[in-house]
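What follows is the content of query-v1.txt, which has compact mmCIF, C-alpha atoms:
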# COMPACT_ATOMS: atom_id res chain seq x y z
CA MET P 1 127.79 92.31 90.97
CA MET P 2 126.63 91.38 94.46
CA ARG P 3 124.13 93.90 95.79
CA ILE P 4 123.73 94.97 99.41
CA LEU P 5 120.55 95.14 101.50
CA GLY P 6 120.38 96.78 104.91
CA HIS P 7 119.17 94.20 107.45
CA ARG P 8 116.17 95.86 109.10
CA GLY P 9 117.80 98.95 107.62
CA ALA P 10 121.25 100.03 108.78
CA SER P 11 120.44 98.48 112.14
CA ALA P 12 123.94 98.80 113.60
CA ASP P 13 123.60 102.58 113.47
CA PHE P 14 119.85 103.18 113.77
CA PRO P 15 116.91 101.54 115.57
CA GLU P 16 115.94 98.47 113.56
CA ASN P 17 112.96 98.40 111.22
CA THR P 18 112.34 102.14 111.47
CA LEU P 19 112.18 104.83 108.83
CA GLU P 20 115.43 106.20 110.24
CA ALA P 21 117.15 102.84 109.71
CA PHE P 22 115.87 102.47 106.15
CA ARG P 23 116.84 105.99 105.12
CA GLY P 24 120.18 105.47 106.84
CA ALA P 25 120.87 102.26 104.89
CA LEU P 26 120.34 104.01 101.58
CA ALA P 27 122.48 106.95 102.71
CA GLN P 28 125.22 104.40 103.45
CA GLY P 29 125.07 103.14 99.89
CA ALA P 30 122.85 100.07 100.23
CA ASP P 31 120.93 99.01 97.13
CA GLY P 32 117.85 98.45 99.26
CA VAL P 33 116.59 97.18 102.57
CA GLU P 34 115.29 94.05 104.23
CA LEU P 35 112.38 94.42 106.64
CA ASP P 36 109.93 92.35 108.68
CA VAL P 37 106.17 92.67 108.44
CA MET P 38 103.24 91.33 110.45
CA ARG P 39 99.63 92.28 111.09
CA CYS P 40 98.75 94.11 114.27
CA GLY P 41 95.60 93.77 116.37
CA SER P 42 93.60 96.17 114.20
CA GLY P 43 94.76 94.57 110.95
CA GLU P 44 97.36 97.01 109.61
CA LEU P 45 100.64 95.79 108.12
CA VAL P 46 103.29 96.90 110.59
CA VAL P 47 107.05 96.70 110.20
CA CYS P 48 108.38 94.86 113.23
CA HIS P 49 110.46 91.74 113.86
CA ASP P 50 109.42 90.69 117.36
CA GLU P 51 106.03 89.25 118.31
CA TRP P 52 106.26 91.12 121.62
CA LEU P 53 107.68 94.61 122.21
CA THR P 54 109.59 93.64 125.35
CA ARG P 55 113.07 93.77 123.78
CA LEU P 56 112.41 96.83 121.66
CA SER P 57 110.54 99.03 124.12
CA GLY P 58 110.18 97.27 127.46
CA LEU P 59 106.43 97.01 126.89
CA ARG P 60 104.59 93.69 127.31
CA TRP P 61 102.53 94.29 124.21
CA GLU P 62 101.91 91.49 121.74
CA VAL P 63 101.88 93.02 118.26
CA ALA P 64 99.19 90.67 116.93
CA ARG P 65 96.81 91.72 119.72
CA THR P 66 97.64 95.42 119.96
CA PRO P 67 95.81 97.98 117.78
CA TRP P 68 97.79 100.33 115.56
CA TRP P 69 96.79 103.47 117.44
CA LYS P 70 98.54 102.04 120.50
CA LEU P 71 101.55 100.50 118.72
CA SER P 72 102.22 103.80 116.98
CA ARG P 73 102.99 105.38 120.37
CA ALA P 74 105.67 102.87 121.37
CA ASP P 75 109.27 104.08 121.50
CA VAL P 76 111.41 101.39 119.85
CA GLY P 77 114.64 103.38 119.79
CA SER P 78 115.61 104.47 123.29
CA ARG P 79 115.81 101.01 124.86
CA LEU P 80 118.30 99.96 122.14
CA GLY P 81 120.52 102.97 122.80
CA PHE P 82 119.26 105.20 119.98
CA PRO P 83 117.08 108.32 119.86
CA SER P 84 113.35 107.77 120.19
CA ALA P 85 111.77 106.10 117.15
CA ARG P 86 108.49 104.46 116.26
CA ILE P 87 107.21 101.43 114.40
CA PRO P 88 106.20 102.31 110.83
CA LEU P 89 103.45 100.91 108.64
CA LEU P 90 104.52 99.06 105.51
CA ASP P 91 102.98 101.68 103.26
CA GLU P 92 104.93 104.43 105.03
CA VAL P 93 108.19 102.67 104.21
CA PHE P 94 107.39 102.34 100.52
CA ALA P 95 106.15 105.93 100.39
CA GLN P 96 109.39 107.29 101.84
CA LEU P 97 111.97 105.18 100.02
CA PRO P 98 113.11 106.10 96.49
CA LYS P 99 111.53 104.18 93.64
CA ASP P 100 114.82 102.51 92.76
CA ALA P 101 115.37 101.10 96.26
CA VAL P 102 114.84 97.33 96.43
CA VAL P 103 112.75 96.10 99.35
CA ASN P 104 112.93 92.55 100.71
CA VAL P 105 109.70 92.06 102.65
CA GLU P 106 109.94 89.18 105.14
CA LEU P 107 106.62 87.71 106.28
CA LYS P 108 106.80 87.06 110.02
CA CYS P 109 104.58 84.13 110.89
CA GLU P 110 105.43 80.84 112.59
CA THR P 111 101.95 79.32 112.60
CA VAL P 112 99.89 77.45 110.00
CA ASP P 113 97.26 80.20 109.94
CA ASP P 114 98.86 83.52 109.03
CA GLY P 115 95.74 85.58 109.68
CA GLY P 116 95.67 86.87 106.11
CA LEU P 117 99.19 88.29 106.27
CA SER P 118 100.50 86.80 103.02
CA VAL P 119 97.55 87.82 100.89
CA GLU P 120 97.39 91.31 102.40
CA VAL P 121 101.07 91.92 101.67
CA GLY P 122 100.60 90.64 98.13
CA ARG P 123 97.58 92.87 97.62
CA PHE P 124 99.49 95.88 98.93
CA LEU P 125 102.43 95.26 96.60
CA GLU P 126 100.27 94.53 93.56
CA THR P 127 97.67 97.27 93.87
CA GLY P 128 100.21 99.87 94.93
CA GLY P 129 102.49 99.16 92.00
CA HIS P 130 105.35 98.19 94.32
CA ALA P 131 105.88 94.62 93.12
CA PRO P 132 108.58 95.43 90.50
CA ARG P 133 111.01 96.62 93.18
CA ALA P 134 110.11 94.13 95.91
CA PHE P 135 110.57 90.48 96.70
CA VAL P 136 108.90 88.59 99.54
CA SER P 137 110.62 86.04 101.76
CA SER P 138 109.65 83.89 104.72
CA PHE P 139 110.83 80.97 106.83
CA ASN P 140 107.23 79.75 106.65
CA PRO P 141 106.69 78.04 103.26
CA LEU P 142 102.93 78.03 103.77
CA CYS P 143 102.94 81.82 103.66
CA LEU P 144 104.76 81.77 100.35
CA VAL P 145 102.40 79.15 98.90
CA ARG P 146 99.42 81.34 99.86
CA LEU P 147 101.11 84.33 98.24
CA ALA P 148 101.78 82.31 95.10
CA ARG P 149 98.15 81.27 94.78
CA ALA P 150 96.81 84.80 95.18
CA PHE P 151 99.55 86.77 93.40
CA PRO P 152 101.65 84.36 91.32
CA THR P 153 103.81 87.00 89.63
CA ILE P 154 105.24 88.48 92.84
CA ARG P 155 108.84 87.43 93.42
CA ARG P 156 109.21 85.00 96.33
CA GLY P 157 112.18 83.63 98.23
CA LEU P 158 112.40 80.86 100.82
CA LEU P 159 114.41 81.58 103.96
CA ILE P 160 116.40 78.61 105.27
CA ASP P 161 116.75 78.18 109.04
CA PRO P 162 120.24 76.85 109.93
CA ASP P 163 118.85 75.35 113.15
CA LYS P 164 116.42 73.07 111.30
CA ALA P 165 116.98 70.04 109.11
CA TRP P 166 118.10 70.98 105.59
CA LEU P 167 116.20 68.56 103.36
CA PRO P 168 112.66 69.16 104.70
CA GLN P 169 113.14 72.88 104.13
CA VAL P 170 114.59 72.78 100.61
CA ALA P 171 111.90 70.29 99.59
CA TRP P 172 109.54 73.29 99.64
CA LEU P 173 111.57 75.25 97.08
CA PRO P 174 109.63 74.25 93.93
CA VAL P 175 106.29 75.46 95.32
CA ALA P 176 107.36 78.18 97.78
CA ALA P 177 110.19 80.01 96.02
CA LYS P 178 109.66 81.67 92.66
CA THR P 179 112.94 83.54 92.27
CA SER P 180 115.33 83.17 95.21
CA ILE P 181 116.66 81.17 98.12
CA HIS P 182 117.74 82.92 101.33
CA PRO P 183 120.22 80.77 103.28
CA HIS P 184 122.36 81.62 106.28
CA ALA P 185 125.97 82.19 105.28
CA SER P 186 127.02 78.93 106.93
CA ALA P 187 124.97 76.97 104.37
CA VAL P 188 126.53 78.55 101.29
CA THR P 189 129.03 76.29 99.51
CA GLU P 190 130.36 76.14 95.99
CA ALA P 191 128.40 72.97 95.28
CA ARG P 192 125.14 74.43 96.55
CA MET P 193 125.68 77.60 94.56
CA ARG P 194 126.02 75.51 91.40
CA ASP P 195 122.80 73.68 92.24
CA TRP P 196 120.86 76.87 92.98
CA ARG P 197 122.12 78.50 89.80
CA ALA P 198 121.12 75.43 87.76
CA ARG P 199 117.62 75.69 89.22
CA GLY P 200 117.38 79.38 88.33
CA TYR P 201 117.47 80.87 91.82
CA GLU P 202 119.10 84.09 92.94
CA VAL P 203 120.82 83.77 96.31
CA ALA P 204 120.30 86.26 99.17
CA VAL P 205 122.49 85.54 102.20
CA TRP P 206 122.02 86.76 105.77
CA THR P 207 123.27 88.37 108.00
CA ILE P 208 126.84 89.32 107.06
CA ASP P 209 128.90 91.94 108.88
CA ASP P 210 132.26 90.17 108.56
CA VAL P 211 134.41 91.41 105.68
CA VAL P 212 136.23 88.13 105.06
CA GLU P 213 132.94 86.26 104.85
CA ALA P 214 131.51 88.93 102.54
CA ARG P 215 134.43 88.49 100.16
CA ARG P 216 134.01 84.71 100.20
CA LEU P 217 130.35 85.00 99.31
CA GLU P 218 131.02 87.52 96.58
CA ALA P 219 133.60 85.18 95.05
CA LEU P 220 131.00 82.39 95.04
CA GLY P 221 128.61 84.59 93.07
CA VAL P 222 126.01 85.45 95.72
CA ASP P 223 123.47 87.97 94.40
CA TRP P 224 122.35 89.69 97.59
CA LEU P 225 124.21 90.32 100.83
CA ILE P 226 122.07 91.28 103.83
CA THR P 227 124.01 93.23 106.45
CA ASN P 228 123.56 95.43 109.50
CA ARG P 229 126.47 97.61 108.31
CA PRO P 230 126.04 98.64 104.66
CA LEU P 231 128.65 101.40 104.72
CA ALA P 232 131.39 99.31 106.33
CA LEU P 233 130.85 96.46 103.87
CA ARG P 234 130.73 98.72 100.83
CA ARG P 235 134.03 100.27 101.86
CA ALA P 236 135.60 96.87 102.57
CA LEU P 237 134.48 95.56 99.18
CA GLY P 238 135.91 98.61 97.45
CA ARG P 239 132.63 100.27 96.55
CA ALA P 240 132.67 103.42 98.71
Please go through the file and, once you have read it, give me the structure as structure tokens.
Amino acid sequence: MMRILGHRGASADFPENTLEAFRGALAQGADGVELDVMRCGSGELVVCHDEWLTRLSGLRWEVARTPWWKLSRADVGSRLGFPSARIPLLDEVFAQLPKDAVVNVELKCETVDDGGLSVEVGRFLETGGHAPRAFVSSFNPLCLVRLARAFPTIRRGLLIDPDKAWLPQVAWLPVAAKTSIHPHASAVTEARMRDWRARGYEVAVWTIDDVVEARRLEALGVDWLITNRPLALRRALGRA
């Protein structure tokens, strides 16, 4: 059965990538959550999608150059039309979510040098005993290769950017992806599903809020559906 992950939590109803959004996704019946992680200026693993906080809070703070004590004071809810909320640390998220909640950790890095992000996330998952319920994804195959070298048993999935050429991206699959491929819905066809299945990959598709598209993907045998609206999709798929 296709399982549902809340994209940055239940981000249609709560401020994205916050504890409120993650708890909300599980309350809406999601099997787990997808989140974004990067390192801040003082080195902590923070859960945030944007490199700068302009969209989320109106602050011209670059996450990679801002220390945690300062980031922790930013309000990332009000500007998006929600109650005030704050950026969490990765360990806070795992501490607050139930042990049976799956967590898709996306490494946010677009540069060759990831500043230790991949290895630090791997170390956190491995030493904290979180690896069995987590899988790590990234658009950056170099991050996944670094993770594989340091922590080869952690589940890894390659994200596919629909705005970039297909073949150069999927060429990385054998070395970057251990367990899954994460394409945009527009790239999912019956033929590609057969190929991915033959190669042993699970398929996690993003970001689906349309019911008709969700039903198409379920019929094709997609394993994971990443959505901003877990409750609406569960109801539409007859799982309320």
Next on the checklist: Just checking: using all atoms listed in the file, which residue out of P:Leu142, P:Val93, P:Leu220, P:Met2 ends up closest to P:Leu45?
Outcome noted: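 Distance minimum relative to P:Leu45 lands on P:Val93.
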Item to check | Spatial neighbours of P:Glu92, max dist 10 Å, all atoms listed in the file, sep filter under 6 positions, as a list in words | outcome: Leu19, Val46 and Val47 of chain P
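Across the structure, atom CA of P:Val175 and atom CA of P:Leu144 are spaced 8.2 Å apart.
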Item to check | Near-P:Pro183 list (9 Å; all atoms listed in the file; drop same-chain fewer than 5 positions) as a ChimeraX atom specification | outcome: /P:158-162,188,203-206
Item to check | For P:Glu16: contacts at 12 Å, all atoms listed in the file, fewer than 6 positions along chain excluded, given as an NGL selection string | outcome: :P and (6-10 or 22-25 or 33-36 or 47-50 or 55-57 or 75-88 or 227-229)
Next on the checklist: Which residue is closest to P:Thr111? Choose from P:Gly128, P:Pro141, P:Pro15, P:Gly43 and count only C-alpha atoms.
Outcome noted: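 Closest to P:Thr111 of all the choices is P:Pro141.
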Next on the checklist: Quick one: residues within 12 Å of P:Leu233, all atoms listed in the file, excluding same-chain residues fewer than 6 positions away - as an MDAnalysis selection string?
Outcome noted: chainID P and resid 2:6 10 25 28:30 207:215 218 225:227 239:240
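Picture a line from atom CA of P:Cys109 to atom CA of P:Pro174; it runs 20.3 Å.
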Item to check | Coordinates-based distance that separates atom CA of P:Asp163 from atom CA of P:Leu147 (Å, one decimal) | outcome: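 Calculated distance between atom CA of P:Leu147 and atom CA of P:Asp163 is 24.9 Å.
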Item to check | For P:Phe139, the nearest of the candidates P:Val102, P:Ala236, P:Val119, P:Val170, counting only C-alpha atoms | outcome: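 The answer is P:Val170, which sits nearest to P:Phe139.
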